[in-house]
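Asks: The structure's right below; bear with me while I get my questions together.
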Amino acid sequence: MNKNFAYALGFGLAFGSPAMSETYLNPEQAWWNTFFQAVDGTTPDYEAIARKDPAYLSAGEFDRATVLQEVIVRLQAEHANIDVEAAEVTISIRAKLGDYSVEHNGFPVSLFSQNSHMKYGFNQLFFRNWSDFNVFPATIEEGKELRERVGQRALVAEVTMTNFQKSATRPNAYDGFVSRVAYFAQDGLPIAEYSATEDAPLADDVQADMVNGARSALLEASGIPALGTPWMEAKGLLTEAYPYVASDDFAYTDSGKMIAYRYDAGQLVTDEVHIAERPFRVFLQQVDGPWRTTRGFSGSSVMAGMNSAYSVDIKGTGPGLACYTPEIKDRCAVLEFSPADSGHVLTRAYGVIEMERLDTPQEAIDTLIGADSAAAFDGFTTKLGYDPEEVKQGVAVKYGGNGGVEAYAVGAGATKDETPFYDPLENTRGVNAINREIAIFAVDGSATRVPVIFVLQ
């Protein structure tokens with residue numbers, strides 16, 4: 001985004017916005033309901049909306065039916081006139097400036113944070129580029145002048161938004177691009193104006209190349225083959241990258257029931273034929289341990305139990321997202337092979353890649369897939385339902401925290417109709433699952449490492 005601003009502590013500075021074909025100033029609740037449905041591309045329930053309209057509610061008992069039809073006709077006309085792509089909406093909101101930050105060269109603005117939003121009925125409206133405006137820039141001298149001018153009183157912010165979209169990460173939510181923010185003192189005199197210009201969307205072929213680049217980086221870092229690889233080819237590649245490989249299904253041999261495929265410490269133990277019409281999963285680890293029992297596997301929501309009496313939790317491929325090796329930064333994964341005409345092929349995968357500690361989780365993702373490829377991903381900060389004490393120590397703990405851990409999540413590629421192979425957000429409220437070709441979660445909370453969870457499907 002490109003940003004510009006005008007700053008004034010004097011009097012007489014006037015701000016204006018460019019003329020647009022569809023300009024709205026502080027719309028009412030009913031308008032927002034209609035507008036969000038226009039963003040969705042759905043037809044509103046005009047009668048239900050009309051029955052809540054002030055004109056209908058104030059109508060007399062003998063006129064009510066006529067007024068209802070009049071309101072419906074008006075609402076239909078208003079909906080027909082809404083051009084979502086051209087819409088420019090300005091809303092007035094109170095904005096509080098926090099204490100001056102030398103580090104950020106300005107005042108933090110309470111209005112603009114990742115989770116700040118406006119609520120309209122059951123719907124929420126978020127500021128997509130909130131980070132462009134979360135600091136009111138000012139030198140120390142300008143900051144002193146501003147404090148002398150407004151004190152600790154809140155400012156009035158006129159926030160102009162364009163390019164509204166349905167949120168890809170939150171239910172019943174939408175986001176708009178903030179193109180302009182004008183600040184005014186309580187006496188109505190202008191203080192400053194800031195603007196931002198949205199970058200042009202990536203061309204489809206450019207975005208596809210970026211996603212492919214990120215996928216290649218993940219495959220190389222995780223040591224797994226590409227989706228679509230046949231099992232007969234994949235097992236040779238996996239044993240080159242992992243000393244422990246085991247499937248979750250069984251074969252019935254002359255020696256009895258046993259895990260169909262098992263590779264331990266560089267030695268092939270069993271390699272039996274898998275049931276042709278059933279998918280199976282393969283677990284990849286660096287060490288032997290409680291991720292496997294001699295009777296099979298079971299675990300969390302990502303895998304049905306084979307035998308509840310021999311249950312082990314493989315969610316996140318091990319406690320604390322540490323791949324059962326808390327002292328070593330390494331990798332582990334779970335792969336799913338599905339039936340195909342040519343035999344089983346790799347269709348889905350998830351795993352953990354442990355990286356060196358960086359300043360932020362987002363940096364870990366950028367480093368892993370490359371800063372160029374990262375531009376193709378939609379990302380947000382969130383909390384994941386892992387035990388913070390386990391993430392800190394890398395091992396299971398008897399008594400840990402229950403507040404979850406901070407993380408940065410991104411997704412890219414086509415949206416999938418099926419349930420995600422693995423969803424770290426399953427216990428995070430108010431956030432949709434990232435059901436894309438690629439989902440990545442960089443988890444904070446450890447002093448020496450950043451566990452990065454990846455999901456490919």
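By order in the structure tokens, chains are A, B, ...; within a chain, residues start at 1; ligands start at 1, following the order shown.
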Give the helix (DSSP H, G or I) residues of range 203-426 of chain A, as DSSP finds them on the backbone, and put them as number ranges by chain.
Replies: A: 204-222, 231-241, 308-310, 315-317, 319-321, 361-369, 371-374, 388-393
Asks: With range 170-192 of chain A as the partner and 12 Å as the cut-off, tabulate the residues of range 49-124 of chain A that qualify, each row holding the nearest pair of atoms and their distance in Å to one decimal, using only C-alpha atoms, sorted by chain and rising number, as CSV.
Replies:
residue,atom,partner,partner_atom,distance
A:Val84,CA,A:Gly176,CA,11.0
A:Glu85,CA,A:Gly176,CA,11.1
A:Ala87,CA,A:Gly176,CA,10.4
A:Glu88,CA,A:Ser179,CA,9.1
A:Val89,CA,A:Gly176,CA,9.3
A:Thr90,CA,A:Arg180,CA,8.9
A:Ile91,CA,A:Val181,CA,9.8
A:Ser92,CA,A:Ala182,CA,9.4
A:Ile93,CA,A:Tyr183,CA,9.7
A:Arg94,CA,A:Tyr183,CA,9.4
A:Ala95,CA,A:Tyr183,CA,8.5
A:Lys96,CA,A:Tyr183,CA,10.8
A:Leu97,CA,A:Tyr183,CA,11.1
A:Val109,CA,A:Tyr183,CA,11.2
A:Leu111,CA,A:Val181,CA,11.0
A:Phe112,CA,A:Val178,CA,10.3
A:Gln114,CA,A:Asp175,CA,11.1
A:Asn115,CA,A:Arg170,CA,10.6
A:Ser116,CA,A:Asp175,CA,10.8
A:His117,CA,A:Asp175,CA,8.8
A:Met118,CA,A:Ala173,CA,9.8
A:Lys119,CA,A:Ala173,CA,9.2
A:Tyr120,CA,A:Ala173,CA,9.8
A:Gly121,CA,A:Asn172,CA,10.0
A:Phe122,CA,A:Asn172,CA,6.8
A:Asn123,CA,A:Asn172,CA,5.1
A:Gln124,CA,A:Ala173,CA,4.6
Asks: Which of these residues is nearest to Ala414 in chain A, using only C-alpha atoms: A:Ile434, A:Val282, A:Ile140, A:Ile353?
Replies: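 Of A:Ile434, A:Val282, A:Ile140, A:Ile353, the one nearest Ala414 in chain A is A:Ile434, counting only C-alpha atoms.
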Asks: If we count only C-alpha atoms and set the cut-off at 12 Å, which residues sit around Arg74 in chain A, ignoring sequence neighbours fewer than 5 positions away in its own chain? Please answer as a list in words.
Replies: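 Returned residues: Trp31, Thr34, Tyr46, Glu47, Ile49, Ala50, Asp53, Ala55, Val67, Leu68, Gln69, His79, Ala80 and Asn81 of chain A.
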Asks: Taking N, CA and C atoms for each residue, export the selection above as a short mmCIF file (atom, residue, chain, number, x, y, z; two decimals), in the first residue's frame.
Replies:
data_model
loop_
_atom_site.label_atom_id
_atom_site.label_comp_id
_atom_site.auth_asym_id
_atom_site.auth_seq_id
_atom_site.Cartn_x
_atom_site.Cartn_y
_atom_site.Cartn_z
N TRP A 31 -29.38 -0.03 6.05
CA TRP A 31 -28.58 0.05 4.83
C TRP A 31 -27.46 -0.98 4.86
N THR A 34 -28.63 -4.47 3.99
CA THR A 34 -28.82 -4.61 2.55
C THR A 34 -27.48 -4.65 1.83
N TYR A 46 -36.79 -8.88 1.75
CA TYR A 46 -37.28 -7.50 1.82
C TYR A 46 -38.43 -7.34 2.81
N GLU A 47 -39.30 -8.32 2.87
CA GLU A 47 -40.45 -8.18 3.78
C GLU A 47 -40.00 -8.18 5.23
N ILE A 49 -37.12 -7.24 6.40
CA ILE A 49 -36.45 -5.96 6.67
C ILE A 49 -37.49 -4.84 6.77
N ALA A 50 -38.48 -4.87 5.87
CA ALA A 50 -39.51 -3.82 5.86
C ALA A 50 -40.30 -3.79 7.15
N ASP A 53 -38.71 -1.55 9.55
CA ASP A 53 -38.49 -0.18 9.11
C ASP A 53 -39.34 0.80 9.94
N ALA A 55 -40.91 3.43 9.11
CA ALA A 55 -42.16 3.81 8.44
C ALA A 55 -43.24 2.77 8.67
N VAL A 67 -48.31 0.48 3.59
CA VAL A 67 -46.97 0.98 3.92
C VAL A 67 -45.92 -0.12 3.75
N LEU A 68 -46.30 -1.34 4.14
CA LEU A 68 -45.37 -2.46 4.00
C LEU A 68 -44.94 -2.62 2.55
N GLN A 69 -45.87 -2.60 1.62
CA GLN A 69 -45.54 -2.74 0.21
C GLN A 69 -44.70 -1.57 -0.29
N HIS A 79 -31.54 -1.51 -3.10
CA HIS A 79 -30.64 -2.63 -3.33
C HIS A 79 -30.16 -2.64 -4.77
N ALA A 80 -31.07 -2.33 -5.71
CA ALA A 80 -30.70 -2.32 -7.12
C ALA A 80 -29.68 -1.23 -7.43
N ASN A 81 -29.69 -0.16 -6.62
CA ASN A 81 -28.79 0.97 -6.88
C ASN A 81 -27.41 0.80 -6.24
#
Asks: Skip Tyr263 in chain A itself and residues of its chain fewer than 2 positions away, then list as a JSON list (two decimals) with C-alpha atoms, in the first residue's frame all residues within 12 Å of it, counting only C-alpha atoms.
Replies:
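Output file part.json is given in full below:
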[["chain", "number", "residue", "atom", "x", "y", "z"],
["A", 235, "LYS", "CA", 7.86, -44.96, 0.41],
["A", 236, "GLY", "CA", 11.34, -44.96, -1.06],
["A", 238, "LEU", "CA", 10.22, -41.13, 2.77],
["A", 239, "THR", "CA", 12.79, -43.56, 4.11],
["A", 240, "GLU", "CA", 15.53, -41.30, 2.77],
["A", 241, "ALA", "CA", 14.18, -38.41, 4.87],
["A", 242, "TYR", "CA", 12.84, -40.13, 8.00],
["A", 243, "PRO", "CA", 14.32, -42.95, 10.10],
["A", 244, "TYR", "CA", 10.86, -43.94, 11.40],
["A", 245, "VAL", "CA", 7.92, -44.48, 9.04],
["A", 246, "ALA", "CA", 4.76, -46.42, 9.82],
["A", 247, "SER", "CA", 1.27, -46.76, 8.36],
["A", 259, "ILE", "CA", 1.16, -52.86, 10.90],
["A", 260, "ALA", "CA", 1.18, -52.99, 7.10],
["A", 261, "TYR", "CA", 4.24, -50.78, 6.64],
["A", 265, "ALA", "CA", 15.85, -46.84, 12.55],
["A", 266, "GLY", "CA", 16.78, -47.29, 8.89],
["A", 267, "GLN", "CA", 15.57, -50.90, 8.68],
["A", 268, "LEU", "CA", 12.49, -52.18, 6.86],
["A", 269, "VAL", "CA", 10.36, -54.24, 9.28],
["A", 270, "THR", "CA", 7.19, -54.90, 7.27],
["A", 271, "ASP", "CA", 6.01, -53.95, 3.78],
["A", 272, "GLU", "CA", 2.64, -55.57, 3.13],
["A", 282, "VAL", "CA", 1.59, -42.76, 7.26],
["A", 283, "PHE", "CA", 3.38, -41.25, 10.25],
["A", 284, "LEU", "CA", 6.87, -39.81, 9.88],
["A", 285, "GLN", "CA", 9.11, -39.22, 12.89],
["A", 286, "GLN", "CA", 12.76, -38.80, 13.80],
["A", 287, "VAL", "CA", 12.62, -41.05, 16.87],
["A", 288, "ASP", "CA", 10.57, -43.93, 18.18]]
Asks: From the list A:Ser255, A:Ala217, A:Ala447, A:Leu456, which residue is nearest Thr367 in chain A when using only C-alpha atoms?
Replies: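 Nearest to Thr367 in chain A: A:Ala217.
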Asks: Could you give me, as a short mmCIF file (atom, residue, chain, number, x, y, z; two decimals) with N, CA, C and O atoms, in the first residue's frame, the residues within 6 Å of Thr169 in chain A, counting only C-alpha atoms and dropping anything in the same chain fewer than 2 positions from it?
Replies:
data_model
loop_
_atom_site.label_atom_id
_atom_site.label_comp_id
_atom_site.auth_asym_id
_atom_site.auth_seq_id
_atom_site.Cartn_x
_atom_site.Cartn_y
_atom_site.Cartn_z
N SER A 167 -15.33 -11.67 4.59
CA SER A 167 -14.13 -12.15 5.25
C SER A 167 -13.88 -13.62 4.94
O SER A 167 -14.81 -14.44 4.98
N VAL A 431 -13.22 -17.66 14.33
CA VAL A 431 -12.33 -17.71 13.17
C VAL A 431 -12.68 -18.94 12.34
O VAL A 431 -12.88 -20.03 12.88
N ASN A 432 -12.76 -18.78 11.04
CA ASN A 432 -13.01 -19.91 10.15
C ASN A 432 -11.76 -20.75 9.96
O ASN A 432 -10.64 -20.25 10.07
#
Asks: Would you mind reading off the distance between CA of Phe377 in chain A and CA of Thr415 in chain A, one decimal, in Å?
Replies: 12.5 Å
Asks: Residues within 9 Å of range 403-411 of chain A, please, as a ChimeraX atom specification. Count only C-alpha atoms; anything in the same chain fewer than 5 positions from it doesn't count.
Replies: /A:360-362,365,374,376-388,391,428,434-445
Asks: Of the candidates A:Glu336, A:Glu70, A:Asp83, A:Asp40, which one gets nearest to Tyr422 in chain A if we count only C-alpha atoms?
Replies: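 Using only C-alpha atoms, the shortest distance to Tyr422 in chain A belongs to A:Glu336.
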